[in-house]
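Working notes, beginning with the structure itself.
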Amino acid sequence: VPAGSRTRILMLTAAGSMEDRVSGLDLGADDYLPKPFEFPELISRVRALRRRSARPTPPVLERSGLVLDTVRRTATRDGVALDLSPKEFAVLQILLEADGAMVSAEELLERAWDANADPFTGAVRVAMSKLRGKLGEPALIRTEQGVGYAL
């Protein structure tokens, strides 16, 4: 894996001695899980690796006249303060972090709502409509049917 790559390596192997684990980690693995293992532990380790491989988020995100301060939890467009709900702030932050790439409604639901959110509700659509209204004109968020949203 090239230096600076965000790819993470989890070794799953029957070689479980302490020497094997040390050797695997020294060879470049980010984590090492000897067999037998329980499935919930595997899932938890994959989640932990995913968190560690995420790009560090700058405290201030800027794009197209929007400035989002993730530490102070403030947002402005062209210098005018935006009165955003916590959910709208979270959605806007996710879109800004995507840096112009499309973000699916499913990903927004997973990242900005709690685990009990019903994936079949129009929650994302409603939040997006309110957010667009608060952002004003010209429109900054584009929708691609069946794909997602981008800023």
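Ordering of the structure tokens sets the chain letters (A, B, ...); residue numbers start at 1 within each chain; ligands are numbered from 1 in the order shown.
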Tell me, which residues of range 33-73 of chain A carry DSSP helix (DSSP H, G or I), written as an mmCIF file with N, CA and C atoms, in the first residue's frame?
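Generated output (result_6.cif):
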```
data_model
loop_
_atom_site.group_PDB
_atom_site.id
_atom_site.type_symbol
_atom_site.label_atom_id
_atom_site.label_comp_id
_atom_site.auth_asym_id
_atom_site.auth_seq_id
_atom_site.Cartn_x
_atom_site.Cartn_y
_atom_site.Cartn_z
ATOM 1 N N PHE A 39 -18.009 -12.867 14.850
ATOM 2 C CA PHE A 39 -18.376 -11.931 13.798
ATOM 3 C C PHE A 39 -18.555 -10.499 14.307
ATOM 4 N N PRO A 40 -19.209 -10.273 15.459
ATOM 5 C CA PRO A 40 -19.351 -8.888 15.942
ATOM 6 C C PRO A 40 -18.001 -8.195 16.160
ATOM 7 N N GLU A 41 -16.986 -8.953 16.596
ATOM 8 C CA GLU A 41 -15.662 -8.348 16.773
ATOM 9 C C GLU A 41 -15.074 -7.946 15.429
ATOM 10 N N LEU A 42 -15.236 -8.778 14.409
ATOM 11 C CA LEU A 42 -14.745 -8.447 13.069
ATOM 12 C C LEU A 42 -15.391 -7.151 12.586
ATOM 13 N N ILE A 43 -16.713 -7.052 12.715
ATOM 14 C CA ILE A 43 -17.427 -5.852 12.283
ATOM 15 C C ILE A 43 -16.918 -4.624 13.039
ATOM 16 N N SER A 44 -16.725 -4.751 14.343
ATOM 17 C CA SER A 44 -16.241 -3.641 15.151
ATOM 18 C C SER A 44 -14.840 -3.208 14.721
ATOM 19 N N ARG A 45 -13.979 -4.159 14.420
ATOM 20 C CA ARG A 45 -12.616 -3.820 13.988
ATOM 21 C C ARG A 45 -12.630 -3.143 12.614
ATOM 22 N N VAL A 46 -13.512 -3.590 11.717
ATOM 23 C CA VAL A 46 -13.623 -2.953 10.399
ATOM 24 C C VAL A 46 -14.104 -1.511 10.568
ATOM 25 N N ARG A 47 -15.085 -1.301 11.438
ATOM 26 C CA ARG A 47 -15.566 0.069 11.706
ATOM 27 C C ARG A 47 -14.436 0.936 12.261
ATOM 28 N N ALA A 48 -13.652 0.391 13.190
ATOM 29 C CA ALA A 48 -12.544 1.155 13.781
ATOM 30 C C ALA A 48 -11.514 1.517 12.709
ATOM 31 N N LEU A 49 -11.206 0.580 11.827
ATOM 32 C CA LEU A 49 -10.259 0.868 10.742
ATOM 33 C C LEU A 49 -10.818 1.937 9.813
ATOM 34 N N ARG A 50 -12.112 1.881 9.544
ATOM 35 C CA ARG A 50 -12.746 2.877 8.673
ATOM 36 C C ARG A 50 -12.643 4.272 9.301
ATOM 37 N N ARG A 51 -12.866 4.358 10.609
ATOM 38 C CA ARG A 51 -12.739 5.652 11.290
ATOM 39 C C ARG A 51 -11.317 6.189 11.182
ATOM 40 N N ARG A 52 -10.351 5.299 11.355
ATOM 41 C CA ARG A 52 -8.953 5.735 11.310
ATOM 42 C C ARG A 52 -8.516 6.130 9.913
ATOM 43 N N SER A 53 -9.178 5.584 8.877
ATOM 44 C CA SER A 53 -8.766 5.896 7.514
ATOM 45 C C SER A 53 -9.494 7.109 6.957
#
```
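Considering only range 10-105 of chain A, backbone DSSP assigns strand (DSSP E) to Leu10, Met11, Leu12, Thr13, Asp31, Tyr32, Leu33, Pro34, Val60, Leu61, Glu62, Arg63, Leu66, Val67, Leu68, Asp69, Thr74, Ala75, Thr76, Arg77, Val80 and Ala81 of chain A.
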_List as a VMD selection string the protein and nucleic acid residues near range 69-77 of chain A, meaning an atom at most 12 Å away when only C-alpha atoms are counted, but skip any in the same chain fewer than 2 places from it._
chain A and resid 57 to 67 79 to 90 92 to 94 96 to 97 131 to 132 134 to 140
Export of prior selection with C-alpha atoms as a PDB file, in the first residue's frame:
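Dumped to out-v6.pdb:
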```pdb
ATOM      1  CA  THR A  57     -11.830  17.200   8.639  1.00  0.00           C
ATOM      2  CA  PRO A  58     -10.633  20.774   8.721  1.00  0.00           C
ATOM      3  CA  PRO A  59     -12.385  22.863  11.392  1.00  0.00           C
ATOM      4  CA  VAL A  60     -13.602  25.348   8.755  1.00  0.00           C
ATOM      5  CA  LEU A  61     -15.129  24.087   5.506  1.00  0.00           C
ATOM      6  CA  GLU A  62     -15.595  26.510   2.601  1.00  0.00           C
ATOM      7  CA  ARG A  63     -17.179  26.207  -0.827  1.00  0.00           C
ATOM      8  CA  SER A  64     -19.144  28.527  -3.117  1.00  0.00           C
ATOM      9  CA  GLY A  65     -19.421  31.316  -0.551  1.00  0.00           C
ATOM     10  CA  LEU A  66     -20.448  28.939   2.240  1.00  0.00           C
ATOM     11  CA  VAL A  67     -18.308  28.901   5.376  1.00  0.00           C
ATOM     12  CA  GLY A  79     -20.942  36.626   5.069  1.00  0.00           C
ATOM     13  CA  VAL A  80     -24.589  36.315   6.148  1.00  0.00           C
ATOM     14  CA  ALA A  81     -25.226  34.044   9.158  1.00  0.00           C
ATOM     15  CA  LEU A  82     -27.422  31.000   8.514  1.00  0.00           C
ATOM     16  CA  ASP A  83     -29.809  29.815  11.222  1.00  0.00           C
ATOM     17  CA  LEU A  84     -29.491  26.050  10.765  1.00  0.00           C
ATOM     18  CA  SER A  85     -30.986  23.270  12.856  1.00  0.00           C
ATOM     19  CA  PRO A  86     -28.492  20.647  14.115  1.00  0.00           C
ATOM     20  CA  LYS A  87     -29.728  18.242  11.394  1.00  0.00           C
ATOM     21  CA  GLU A  88     -29.343  20.868   8.631  1.00  0.00           C
ATOM     22  CA  PHE A  89     -25.865  21.695   9.921  1.00  0.00           C
ATOM     23  CA  ALA A  90     -24.919  17.988   9.838  1.00  0.00           C
ATOM     24  CA  LEU A  92     -24.414  20.644   5.080  1.00  0.00           C
ATOM     25  CA  GLN A  93     -21.199  19.482   6.750  1.00  0.00           C
ATOM     26  CA  ILE A  94     -21.424  16.065   5.058  1.00  0.00           C
ATOM     27  CA  LEU A  96     -19.074  20.101   2.170  1.00  0.00           C
ATOM     28  CA  GLU A  97     -16.793  17.255   3.285  1.00  0.00           C
ATOM     29  CA  LEU A 131     -31.739  23.630   3.864  1.00  0.00           C
ATOM     30  CA  ARG A 132     -32.120  24.852   0.281  1.00  0.00           C
ATOM     31  CA  LYS A 134     -32.163  28.734   4.135  1.00  0.00           C
ATOM     32  CA  LEU A 135     -29.217  28.777   1.699  1.00  0.00           C
ATOM     33  CA  GLY A 136     -31.175  30.981  -0.733  1.00  0.00           C
ATOM     34  CA  GLU A 137     -30.409  31.762  -4.354  1.00  0.00           C
ATOM     35  CA  PRO A 138     -28.604  30.882  -6.476  1.00  0.00           C
ATOM     36  CA  ALA A 139     -29.138  27.247  -5.537  1.00  0.00           C
ATOM     37  CA  LEU A 140     -25.990  25.466  -4.333  1.00  0.00           C
TER      38      LEU A 140
END
```
To one decimal place, how far is CA of Met18 in chain A from CA of Leu33 in chain A in Å?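 According to the coordinates, CA of Met18 in chain A and CA of Leu33 in chain A are separated by 11.4 Å.
If only C-alpha atoms are the atoms counted, then among A:Ser129, A:Thr7, A:Ser23, A:Thr143 the closest residue to Ser104 in chain A is A:Thr143.
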